[in-house]
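This report concerns only the one structure given below.
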Amino acid sequence: MKKLVMIGNGMAGVRTIEEIIKLAPEQFEITIFGQEPYPNYNRIKLSNILQGDTNFEEIIINPLDWYKENNIQLFTGEAVEQIDLEAKCVISDQGREVEYDELIIASGSNSFILPIPGADKIGVTGFRDIQDCEMMIKSSKQYKKAVVIGGGLLGLEAARGLLNLGMKVDVVHLMPHLMERQLDPIASSLLRAELEAQGMNFLMEKETVEVLGDKRVSGLRFKDGSEVEADLVVMAIGIKPNTAVAKNSGIFVNRGIVVNDFMETSVPNVYAVGECAEHREMVYGLVAPLYEQGKVLANQICGTAGKPYEGSVTGTQLKVAGVDLFSAGEIFEDGSTKSIMIYNEYDGIYKRVLTRNNVIVGIVLYGDTKDSTRLFRMLTKKEDISGNSIFHTECSGSGASDDIAAMPNDELVCGCNGVTKGAIVEAIKTQGLTTLDQVSHCTNAGRSCGRCKPMVSSILAHTLGDQFDAAAAQKTSICGCTTISREELVAEIKAKGLSSVKEVMNVLEWNNEEGCTKCRPAINYYLGMIHMDEYKDDRDSRLVNEKMHANIQKDGTYSVVPRMYGGVTTAADLKKIAEVAEKYNVPLVKLTGGQRIGLFGVKKEDLPGMWEDLDMPSGYAYGKTLRTVKTCVGAQFCRYGTQDSMALGIELEKKFERLDTPHKVKMGVSACPRNCSEAGIKDIGFVGIDGGWEIYVAGNGGVDLRPGDLLRTVKTEEEVMEMTGAYLQYYRETANYLERTSKWVERMGLDHVKEVLADEETRKALNERMDQTLKKYTEPWNEAIENEEIQDKYYSKHTITVGSESK
Ligand SMILES: Cc1cc2nc3c(=O)[nH]c(=O)nc-3n(C[C@H](O)[C@H](O)[C@H](O)COP(=O)(O)OP(=O)(O)OC[C@H]3O[C@@H](n4cnc5c(N)ncnc54)[C@H](O)[C@@H]3O)c2cc1C
Ligand code: SF4
């Protein structure tokens, strides 16, 4: 087998590998190095993460199991530093050397940071990866004023996100108009008016010359001498292809790594694809052309005859709620162009098409973009427009269905993934698709930025005709192995009495008989939730950390976090932990965020021995279960405490530990409203008041920061326990697997949850089912110590552990 190595684990690179696997599944032994510590994720959706519309788990495109299933060796958090072109091998920053027959460089780009004094101060960031997003989200919790430099696509999306995070936002732009490379002055001023109405403030025609402040940024100075205050500065002024490795190794680099029409660099057997590549003096920063490049490269590497890559025309859209815009091609008129234009200032609709010799050469649409795909096709195909009506207007009488009928089959619907109307219609007809989710899964349409989903939905409606069921079409199936939704799965398990993961997949006719890493853990959870104490857990269907009862770290070692009920420990336990840490040469001993002690960097084969020596229960720091109950010191020692927070925390943790929940659950107990345990941002938080407890729910202190909502105020600890049992059980029974309580409450409605739990009989029944479920759990570390079969299967040096995991 030939050895194929790829530098970079991002969108363009991994899409190329997907194409290669489709063409020649057995041809290569594939190794991928990714500098970021994650599997391939949808970078486009970082804007949605910042704007609070999604979370990291939802934007993973290829989970870790995908790499395993395709026999791909993946090194995450590890960058390639050097390519030895003579020895044909790459060398990583961890000293790892891997030989290649074919090498793909897909290292993407970095944010361009202005080379001005102070640009390295704390609080200055680009907008490129998860880390940048996390930094912005964290800053928004502490600071109030953000300044975004750059009034282009990324800058405006970042600014919208920061507004959503509660910051005051100024956008600084060098030019007199926003998005001046994509929009003409009219469209640009409409955009500016809309964004100002949303709360953005613009500082136009300002050239930033200095970042002010001591260690942390405090403001910006402009060339005209004026200044603006800032606690956070986001530089979104462009990208810089990541060419360092290629350049240092002697591969020809101009702005990007120079490639020919087959994505070959100046060195044989070395290719470049994506934002790091320069093709015919162009470096592209949108996925559609990069995916086209990936297709061409896959053909080239697999030796399959394919078309050369000849460059792309790209179309731009902005992912900001309330803004509908599209732009492609030329923007400015010259002596040889003519414009066709509609401008309805009253409704904020502006459409302008620029033509030359009866052919469209530029499009700007603002406020109504439904003509975009058709016009874009006419532009890319250089269609003669004489005799054609250019814009669909209200009075032209063409509804959505007529539009779809009139659309030619080769019209591009999903620009990011290059999916045409014809491909979608064929997939719907030949594969019997009925939901948007299925179409997306089968064709890739809508898998990237998601803007084409309304159009895909219209095509689905048009193709299915009377058979189209609008509500069912929006149904989300558990995963690509089935068309069944969560509700249907739970109903079928109950109705047919299904009792194992295999049986569910068989009886419900999964199209992939082994299932996948998305559906197997979900089915296992639903079976356990429905059958309560009767169900025998299918350990191999669990996510990898749960399977191992330890959290896998980025270097392949594990962490061990013993339980400390309510965050309370003893001198004897501390001694034991210290001795174990010494005995096993644990490289890192660290207090965790959940008031426990974590031992990090443990070898898999040492786990059972360590657990035995510790003789403490597992803290489940890895599970979709109750993680910790954080407590404050409370009335036992604190002079403000009105309640015994430690005692309640310990009681809660002892009762609900090991309980399987749809996602992790964290609790906090504070003995007074000063709230030292941060109970207001926990899944369930308890705050002591004079004569009782306030119970807060659906808080979240992670990426999707959310304060908890008051569920109820109760008088006694017994009532706390009863309400918590009922709430948790209702969550277990109605949430989607991997849905946090914060999202679940938002979906169900707080008033609805309150109403359900207000009824005493309902609470009683929920608590009975909870108690029945709690009976079945045993201590997992103990089980591993006592069971040699488990030790051999999971903890022997020779077993390989790969799986998907979510935080
Ligand atoms: C906030 C945001 C919004 C966007 N919105 C859109 C949009 O709406 N539509 C659109 O089409 N595009 C959008 N894009 C652009 C799109 O995400 C990129 O074009 C695409 O991700 C580029 O893919 P790539 O594989 O070339 O680079 P990347 O996805 O950046 O992947 C490159 C990877 O290589 C890694 N790497 C670099 N050097 C090394 C090394 N030496 N060793 C190992 N690994 C290395 C990097 O860490 C990175 O993970 C957006 C981008 C951002 C940041
Ligand atoms: S929350 Fe109140 S009782 Fe608890 S430690 Fe803080 S001040 Fe003391």
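Following the order of the structure tokens, chains are lettered A, B, ..., residues in each are numbered from 1, and ligands are numbered from 1.
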Per residue of chain A within 7 Å of ligand 2, note the shortest atom pair and the distance in Å to one decimal, counting only C-alpha atoms and all ligand atoms, and order the rows by chain and increasing residue number, as a tab-separated table.
```
residue	atom	partner	partner_atom_place_in_ligand_line	distance
A:Cys632	CA	ligand 2	4 (Fe)	4.5
A:Val633	CA	ligand 2	5 (S)	4.7
A:Gly634	CA	ligand 2	3 (S)	4.0
A:Ala635	CA	ligand 2	3 (S)	6.0
A:Cys638	CA	ligand 2	8 (Fe)	4.6
A:Arg639	CA	ligand 2	8 (Fe)	6.4
A:Tyr640	CA	ligand 2	3 (S)	4.8
A:Gly641	CA	ligand 2	3 (S)	3.3
A:Thr642	CA	ligand 2	3 (S)	6.5
A:Ser670	CA	ligand 2	1 (S)	4.5
A:Ala671	CA	ligand 2	3 (S)	4.2
A:Cys672	CA	ligand 2	2 (Fe)	4.0
A:Pro673	CA	ligand 2	1 (S)	6.0
A:Arg674	CA	ligand 2	1 (S)	4.6
A:Asn675	CA	ligand 2	1 (S)	3.9
A:Cys676	CA	ligand 2	6 (Fe)	4.1
A:Ser677	CA	ligand 2	1 (S)	6.5
```
Please save all heavy atoms of the selected residues as a short mmCIF file (atom, residue, chain, number, x, y, z; two decimals), in the first residue's frame.
```cif
data_model
loop_
_atom_site.label_atom_id
_atom_site.label_comp_id
_atom_site.auth_asym_id
_atom_site.auth_seq_id
_atom_site.Cartn_x
_atom_site.Cartn_y
_atom_site.Cartn_z
N CYS A 632 -20.31 25.27 48.40
CA CYS A 632 -19.55 26.28 49.14
C CYS A 632 -19.39 25.76 50.57
O CYS A 632 -19.94 24.73 50.93
CB CYS A 632 -20.29 27.62 49.11
SG CYS A 632 -21.65 27.71 50.27
N VAL A 633 -18.65 26.50 51.40
CA VAL A 633 -18.40 26.04 52.76
C VAL A 633 -19.70 26.00 53.57
O VAL A 633 -19.96 25.06 54.33
CB VAL A 633 -17.34 26.96 53.41
CG1 VAL A 633 -17.18 26.63 54.88
CG2 VAL A 633 -16.03 26.82 52.68
N GLY A 634 -20.49 27.05 53.39
CA GLY A 634 -21.83 27.03 53.97
C GLY A 634 -21.88 27.21 55.48
O GLY A 634 -20.88 27.56 56.12
N ALA A 635 -23.07 26.93 56.03
CA ALA A 635 -23.34 27.27 57.43
C ALA A 635 -22.40 26.59 58.42
O ALA A 635 -22.23 27.07 59.53
CB ALA A 635 -24.78 26.93 57.75
N CYS A 638 -18.97 29.11 57.31
CA CYS A 638 -19.00 30.48 56.80
C CYS A 638 -19.99 31.34 57.60
O CYS A 638 -21.10 30.90 57.89
CB CYS A 638 -19.40 30.48 55.33
SG CYS A 638 -19.53 32.15 54.69
N ARG A 639 -19.58 32.57 57.91
CA ARG A 639 -20.46 33.39 58.76
C ARG A 639 -21.68 33.90 58.02
O ARG A 639 -22.61 34.39 58.62
CB ARG A 639 -19.67 34.51 59.43
CG ARG A 639 -19.06 35.51 58.53
CD ARG A 639 -17.84 36.16 59.21
NE ARG A 639 -16.96 36.73 58.22
CZ ARG A 639 -16.97 38.00 57.87
NH1 ARG A 639 -17.81 38.84 58.43
NH2 ARG A 639 -16.14 38.44 56.97
N TYR A 640 -21.70 33.79 56.67
CA TYR A 640 -22.89 34.24 55.94
C TYR A 640 -23.89 33.11 55.70
O TYR A 640 -25.00 33.32 55.28
CB TYR A 640 -22.50 34.82 54.58
CG TYR A 640 -21.58 36.01 54.67
CD1 TYR A 640 -20.25 35.92 54.28
CD2 TYR A 640 -22.07 37.23 55.15
CE1 TYR A 640 -19.41 37.02 54.38
CE2 TYR A 640 -21.23 38.33 55.25
CZ TYR A 640 -19.90 38.22 54.86
OH TYR A 640 -19.07 39.28 54.95
N GLY A 641 -23.42 31.90 55.87
CA GLY A 641 -24.22 30.73 55.47
C GLY A 641 -25.53 30.61 56.23
O GLY A 641 -25.55 30.71 57.46
N THR A 642 -26.60 30.40 55.49
CA THR A 642 -27.89 30.18 56.16
C THR A 642 -28.28 28.71 56.11
O THR A 642 -29.21 28.29 56.79
CB THR A 642 -29.00 31.00 55.47
OG1 THR A 642 -28.99 30.66 54.10
CG2 THR A 642 -28.80 32.48 55.64
N SER A 670 -24.98 26.52 47.03
CA SER A 670 -24.45 27.64 47.81
C SER A 670 -25.37 27.87 48.99
O SER A 670 -26.59 27.77 48.86
CB SER A 670 -24.42 28.91 46.97
OG SER A 670 -23.40 28.84 46.01
N ALA A 671 -24.77 28.26 50.10
CA ALA A 671 -25.57 28.39 51.30
C ALA A 671 -26.16 29.78 51.50
O ALA A 671 -26.89 30.02 52.44
CB ALA A 671 -24.75 27.99 52.52
N CYS A 672 -25.80 30.69 50.60
CA CYS A 672 -26.44 32.01 50.66
C CYS A 672 -26.34 32.64 49.28
O CYS A 672 -25.60 32.16 48.42
CB CYS A 672 -25.78 32.87 51.74
SG CYS A 672 -24.34 33.79 51.18
N PRO A 673 -27.06 33.73 49.04
CA PRO A 673 -27.09 34.30 47.67
C PRO A 673 -25.75 34.84 47.19
O PRO A 673 -25.63 35.24 46.04
CB PRO A 673 -28.15 35.41 47.77
CG PRO A 673 -29.01 35.00 48.91
CD PRO A 673 -28.11 34.35 49.89
N ARG A 674 -24.71 34.90 48.03
CA ARG A 674 -23.39 35.29 47.50
C ARG A 674 -22.89 34.25 46.50
O ARG A 674 -22.02 34.51 45.69
CB ARG A 674 -22.40 35.44 48.65
CG ARG A 674 -22.64 36.70 49.41
CD ARG A 674 -21.74 36.79 50.64
NE ARG A 674 -22.04 38.00 51.38
CZ ARG A 674 -23.10 38.16 52.18
NH1 ARG A 674 -23.94 37.17 52.34
NH2 ARG A 674 -23.31 39.29 52.79
N ASN A 675 -23.41 33.10 46.63
CA ASN A 675 -23.29 32.06 45.60
C ASN A 675 -21.85 31.68 45.23
O ASN A 675 -21.47 31.70 44.05
CB ASN A 675 -24.04 32.51 44.35
CG ASN A 675 -24.62 31.34 43.59
OD1 ASN A 675 -24.20 30.19 43.83
ND2 ASN A 675 -25.54 31.58 42.70
N CYS A 676 -21.04 31.33 46.21
CA CYS A 676 -19.64 31.01 45.95
C CYS A 676 -19.45 29.75 45.12
O CYS A 676 -18.39 29.53 44.54
CB CYS A 676 -18.88 30.88 47.26
SG CYS A 676 -18.84 32.44 48.15
N SER A 677 -20.46 28.88 45.04
CA SER A 677 -20.29 27.66 44.22
C SER A 677 -20.76 27.89 42.79
O SER A 677 -20.81 26.95 42.00
CB SER A 677 -21.09 26.50 44.83
OG SER A 677 -22.46 26.72 44.60
#
```
Can you write out as JSON lines which residues of chain A fall within 7 Å of ligand 1, alongside each residue's closest atom pair and its distance in Å to one decimal, counting only C-alpha atoms and all ligand atoms and ordering rows by chain and ascending residue number?
```
{"residue": "A:Ile7", "atom": "CA", "partner": "ligand 1", "partner_atom_place_in_ligand_line": "43 (C)", "distance": 4.8}
{"residue": "A:Gly8", "atom": "CA", "partner": "ligand 1", "partner_atom_place_in_ligand_line": "34 (O)", "distance": 3.2}
{"residue": "A:Asn9", "atom": "CA", "partner": "ligand 1", "partner_atom_place_in_ligand_line": "33 (C)", "distance": 4.8}
{"residue": "A:Gly10", "atom": "CA", "partner": "ligand 1", "partner_atom_place_in_ligand_line": "31 (O)", "distance": 3.1}
{"residue": "A:Met11", "atom": "CA", "partner": "ligand 1", "partner_atom_place_in_ligand_line": "25 (O)", "distance": 4.0}
{"residue": "A:Ala12", "atom": "CA", "partner": "ligand 1", "partner_atom_place_in_ligand_line": "25 (O)", "distance": 3.6}
{"residue": "A:Gly13", "atom": "CA", "partner": "ligand 1", "partner_atom_place_in_ligand_line": "25 (O)", "distance": 4.9}
{"residue": "A:Phe33", "atom": "CA", "partner": "ligand 1", "partner_atom_place_in_ligand_line": "43 (C)", "distance": 4.7}
{"residue": "A:Gly34", "atom": "CA", "partner": "ligand 1", "partner_atom_place_in_ligand_line": "44 (N)", "distance": 3.8}
{"residue": "A:Gln35", "atom": "CA", "partner": "ligand 1", "partner_atom_place_in_ligand_line": "44 (N)", "distance": 3.8}
{"residue": "A:Glu36", "atom": "CA", "partner": "ligand 1", "partner_atom_place_in_ligand_line": "47 (O)", "distance": 4.8}
{"residue": "A:Asn42", "atom": "CA", "partner": "ligand 1", "partner_atom_place_in_ligand_line": "17 (O)", "distance": 6.8}
{"residue": "A:Arg43", "atom": "CA", "partner": "ligand 1", "partner_atom_place_in_ligand_line": "17 (O)", "distance": 4.3}
{"residue": "A:Ile44", "atom": "CA", "partner": "ligand 1", "partner_atom_place_in_ligand_line": "4 (C)", "distance": 3.7}
{"residue": "A:Lys45", "atom": "CA", "partner": "ligand 1", "partner_atom_place_in_ligand_line": "3 (C)", "distance": 6.3}
{"residue": "A:Leu46", "atom": "CA", "partner": "ligand 1", "partner_atom_place_in_ligand_line": "1 (C)", "distance": 4.9}
{"residue": "A:Ser47", "atom": "CA", "partner": "ligand 1", "partner_atom_place_in_ligand_line": "1 (C)", "distance": 4.9}
{"residue": "A:Glu78", "atom": "CA", "partner": "ligand 1", "partner_atom_place_in_ligand_line": "43 (C)", "distance": 6.1}
{"residue": "A:Ala79", "atom": "CA", "partner": "ligand 1", "partner_atom_place_in_ligand_line": "42 (N)", "distance": 3.4}
{"residue": "A:Val80", "atom": "CA", "partner": "ligand 1", "partner_atom_place_in_ligand_line": "42 (N)", "distance": 4.0}
{"residue": "A:Glu81", "atom": "CA", "partner": "ligand 1", "partner_atom_place_in_ligand_line": "41 (N)", "distance": 5.6}
{"residue": "A:Ala106", "atom": "CA", "partner": "ligand 1", "partner_atom_place_in_ligand_line": "25 (O)", "distance": 5.5}
{"residue": "A:Ser107", "atom": "CA", "partner": "ligand 1", "partner_atom_place_in_ligand_line": "34 (O)", "distance": 3.7}
{"residue": "A:Gly108", "atom": "CA", "partner": "ligand 1", "partner_atom_place_in_ligand_line": "27 (O)", "distance": 3.2}
{"residue": "A:Ser109", "atom": "CA", "partner": "ligand 1", "partner_atom_place_in_ligand_line": "30 (O)", "distance": 5.5}
{"residue": "A:Phe127", "atom": "CA", "partner": "ligand 1", "partner_atom_place_in_ligand_line": "53 (C)", "distance": 5.7}
{"residue": "A:Arg128", "atom": "CA", "partner": "ligand 1", "partner_atom_place_in_ligand_line": "53 (C)", "distance": 3.9}
{"residue": "A:Asp129", "atom": "CA", "partner": "ligand 1", "partner_atom_place_in_ligand_line": "53 (C)", "distance": 6.1}
{"residue": "A:Leu154", "atom": "CA", "partner": "ligand 1", "partner_atom_place_in_ligand_line": "1 (C)", "distance": 5.8}
{"residue": "A:Asn242", "atom": "CA", "partner": "ligand 1", "partner_atom_place_in_ligand_line": "38 (N)", "distance": 6.2}
{"residue": "A:Val245", "atom": "CA", "partner": "ligand 1", "partner_atom_place_in_ligand_line": "41 (N)", "distance": 5.9}
{"residue": "A:Val273", "atom": "CA", "partner": "ligand 1", "partner_atom_place_in_ligand_line": "26 (O)", "distance": 6.6}
{"residue": "A:Gly274", "atom": "CA", "partner": "ligand 1", "partner_atom_place_in_ligand_line": "26 (O)", "distance": 3.4}
{"residue": "A:Glu275", "atom": "CA", "partner": "ligand 1", "partner_atom_place_in_ligand_line": "26 (O)", "distance": 3.9}
{"residue": "A:Cys276", "atom": "CA", "partner": "ligand 1", "partner_atom_place_in_ligand_line": "26 (O)", "distance": 6.0}
{"residue": "A:Gly285", "atom": "CA", "partner": "ligand 1", "partner_atom_place_in_ligand_line": "19 (O)", "distance": 4.3}
{"residue": "A:Leu286", "atom": "CA", "partner": "ligand 1", "partner_atom_place_in_ligand_line": "11 (O)", "distance": 3.4}
{"residue": "A:Val287", "atom": "CA", "partner": "ligand 1", "partner_atom_place_in_ligand_line": "11 (O)", "distance": 3.9}
{"residue": "A:Ala288", "atom": "CA", "partner": "ligand 1", "partner_atom_place_in_ligand_line": "11 (O)", "distance": 5.7}
{"residue": "A:Leu290", "atom": "CA", "partner": "ligand 1", "partner_atom_place_in_ligand_line": "26 (O)", "distance": 6.9}
{"residue": "A:Gln317", "atom": "CA", "partner": "ligand 1", "partner_atom_place_in_ligand_line": "8 (O)", "distance": 6.6}
{"residue": "A:Leu318", "atom": "CA", "partner": "ligand 1", "partner_atom_place_in_ligand_line": "8 (O)", "distance": 6.7}
{"residue": "A:Lys319", "atom": "CA", "partner": "ligand 1", "partner_atom_place_in_ligand_line": "8 (O)", "distance": 6.4}
{"residue": "A:Cys416", "atom": "CA", "partner": "ligand 1", "partner_atom_place_in_ligand_line": "11 (O)", "distance": 5.7}
{"residue": "A:Cys449", "atom": "CA", "partner": "ligand 1", "partner_atom_place_in_ligand_line": "8 (O)", "distance": 5.3}
```
Could you pull the residues within 9 Å of Gln27 of chain A, counting only C-alpha atoms, minus those fewer than 2 positions along the same chain, as a PDB file with C-alpha atoms, in the first residue's frame?
```pdb
ATOM      1  CA  MET A   1       0.000   0.000   0.000  1.00  0.00           C
ATOM      2  CA  LYS A   2       1.230   3.488  -0.800  1.00  0.00           C
ATOM      3  CA  LYS A   3       1.742   5.884   2.059  1.00  0.00           C
ATOM      4  CA  ILE A  20      -9.830   9.741  -2.292  1.00  0.00           C
ATOM      5  CA  ILE A  21     -11.485   7.097  -0.116  1.00  0.00           C
ATOM      6  CA  ALA A  24      -9.791   4.122  -4.064  1.00  0.00           C
ATOM      7  CA  PRO A  25     -10.624   2.836  -0.607  1.00  0.00           C
ATOM      8  CA  GLU A  29      -2.238   3.966   4.137  1.00  0.00           C
ATOM      9  CA  CYS A 302      -5.682   8.057  -7.418  1.00  0.00           C
TER      10      CYS A 302
END
```
Of the candidates A:Leu607, A:Val568, A:Val419, A:Ile17, which one gets nearest to Val629 of chain A if we count only C-alpha atoms?
-> A:Val568
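Residues lying within 12 Å of Gly250 of chain A, counting only C-alpha atoms and ignoring same-chain neighbours fewer than 4 positions away, are A:Gln82, A:Ile83, A:Asp84, A:Leu85, A:Glu86, A:Thr243, A:Ala244, A:Val245, A:Ala246, A:Asn254, A:Ile257, A:Val258, A:Thr265, A:Ser266, A:Val267, A:Val270.
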Could you dump the residues just selected with C-alpha atoms as a compact mmCIF listing (two decimals), in the first residue's frame?
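Done, and the output landed in again05.txt:
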```
# COMPACT_ATOMS: atom_id res chain seq x y z
CA GLN A 82 9.61 20.05 8.41
CA ILE A 83 9.41 18.07 5.19
CA ASP A 84 12.51 16.14 4.21
CA LEU A 85 12.00 16.10 0.45
CA GLU A 86 14.93 13.77 -0.17
CA THR A 243 2.98 28.35 3.93
CA ALA A 244 5.80 28.14 6.51
CA VAL A 245 6.40 24.37 6.29
CA ALA A 246 6.43 24.40 2.49
CA ASN A 254 4.49 33.00 -3.71
CA ILE A 257 2.00 27.43 -2.19
CA VAL A 258 2.03 27.60 -5.97
CA THR A 265 3.51 21.89 -6.26
CA SER A 266 7.01 22.51 -7.61
CA VAL A 267 8.13 19.19 -6.06
CA VAL A 270 3.81 16.91 -3.13
```
Please identify all polymer residues within 8 Å of segment 554-557 of chain A, counting only C-alpha atoms, omitting same-chain residues fewer than 5 positions from it, and present them as a count of residues only.
-> 8
Just the residues within 10 Å of segment 563-566 of chain A, please, counting only C-alpha atoms, with nothing from its chain fewer than 6 positions along; format it as a ChimeraX atom specification.
-> /A:573,594-598,616-621,627-633,645-654,657,667-669
For the selection you just gave me, I'd like the residues written to a file as a compact mmCIF listing (two decimals), in the first residue's frame, keeping C-alpha atoms.
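The new file result_18.txt reads:
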```
# COMPACT_ATOMS: atom_id res chain seq x y z
CA ASP A 573 -7.60 10.40 50.85
CA GLY A 594 -15.44 20.67 39.66
CA GLN A 595 -13.58 20.68 43.00
CA ARG A 596 -11.72 17.42 42.62
CA ILE A 597 -8.16 16.23 42.09
CA GLY A 598 -7.24 14.96 38.65
CA MET A 616 -11.93 5.41 45.82
CA PRO A 617 -14.99 5.48 43.55
CA SER A 618 -14.81 6.86 40.02
CA GLY A 619 -15.64 10.56 39.78
CA TYR A 620 -17.17 9.97 36.33
CA ALA A 621 -15.29 13.02 35.00
CA ARG A 627 -20.28 14.98 37.10
CA THR A 628 -19.89 16.93 40.33
CA VAL A 629 -21.87 18.76 42.94
CA LYS A 630 -19.82 21.83 43.72
CA THR A 631 -20.50 23.22 47.19
CA CYS A 632 -19.55 26.28 49.14
CA VAL A 633 -18.40 26.04 52.76
CA SER A 645 -24.58 23.43 51.59
CA MET A 646 -21.93 20.72 52.02
CA ALA A 647 -24.36 18.24 53.57
CA LEU A 648 -26.92 18.82 50.81
CA GLY A 649 -24.26 18.60 48.08
CA ILE A 650 -22.95 15.30 49.45
CA GLU A 651 -26.48 13.88 49.71
CA LEU A 652 -27.28 14.89 46.12
CA GLU A 653 -24.02 13.47 44.76
CA LYS A 654 -24.40 10.19 46.65
CA GLU A 657 -23.90 9.47 41.02
CA MET A 667 -24.78 20.82 40.13
CA GLY A 668 -23.81 23.54 42.58
CA VAL A 669 -24.98 24.27 46.11
```
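Rounded to one decimal, atom CA of Thr443 of chain A and atom CA of Gly322 of chain A lie 28.0 Å from each other.
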DSSP helix (DSSP H, G or I) residues within segment 424-597 of chain A, as an NGL selection string | :A and (424-431 or 436-443 or 453-467 or 470-473 or 486-496 or 501-507 or 519-534 or 539-541 or 544-548 or 565-567 or 571-583)
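Here atom CA of Gly497 of chain A is placed at a distance of 21.2 Å from atom CA of Leu774 of chain A.
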Just the residues within 12 Å of Asn767 of chain A, please, counting only C-alpha atoms, with nothing from its chain fewer than 5 positions along; format it as number ranges by chain.
-> A: 656, 719, 721-730, 732, 757, 760-762, 772-774
Length of the atom CA of Asn512 of chain A to atom CA of Ser448 of chain A vector [Å] | 23.9 Å
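Each of A:Lys664, A:Lys754, A:Lys590, A:Lys351 was compared to Leu710 of chain A using only C-alpha atoms, and A:Lys754 turns out to be the nearest.
Using only C-alpha atoms for every distance, the candidate list A:Asn40, A:Thr16, A:Gln142, A:Ser477 yields A:Thr16 as the residue closest to Ile104 of chain A.
Ranking A:Thr476, A:Asn70, A:Asn110, A:Asn55 by their shortest atom-to-atom distance to Glu26 of chain A, with only C-alpha atoms included, puts A:Asn70 first.
Nearest to Ser796 of chain A of all the residues A:Gly609, A:Gly367, A:Pro408, A:Gly219 is A:Gly609, counting only C-alpha atoms.
Each of A:Asn736, A:Trp693, A:Gln431, A:Arg539 was checked against Ser485 of chain A using only C-alpha atoms; the smallest atom-to-atom distance is that of A:Asn736.
Backbone DSSP over segment 529-644 of chain A gives strand (DSSP E) for Asn551, Ile552, Tyr558, Ser559, Val560, Leu588, Val589, Lys590, Leu591, Ile597, Gly598, Leu599, Phe600, Gly601, Val602, Leu626, Arg627, Thr628, Val629, Lys630 and Thr631 of chain A.
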Written selection (C-alpha atoms) as a CSV table (one decimal), in the first residue's frame:
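As a result, selection_33.csv now contains:
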```csv
chain,number,residue,atom,x,y,z
A,551,ASN,CA,-10.9,10.5,29.9
A,552,ILE,CA,-8.6,10.0,26.9
A,558,TYR,CA,-5.8,9.1,30.3
A,559,SER,CA,-6.9,11.1,33.3
A,560,VAL,CA,-8.0,9.6,36.6
A,588,LEU,CA,0.3,16.3,36.3
A,589,VAL,CA,-1.7,16.5,39.4
A,590,LYS,CA,-4.3,19.2,39.1
A,591,LEU,CA,-7.4,20.6,40.9
A,597,ILE,CA,-8.2,16.2,42.1
A,598,GLY,CA,-7.2,15.0,38.7
A,599,LEU,CA,-4.3,12.8,37.8
A,600,PHE,CA,-3.3,13.4,34.2
A,601,GLY,CA,-1.1,11.5,31.8
A,602,VAL,CA,-1.8,8.0,33.0
A,626,LEU,CA,-23.8,13.6,37.1
A,627,ARG,CA,-20.3,15.0,37.1
A,628,THR,CA,-19.9,16.9,40.3
A,629,VAL,CA,-21.9,18.8,42.9
A,630,LYS,CA,-19.8,21.8,43.7
A,631,THR,CA,-20.5,23.2,47.2
```
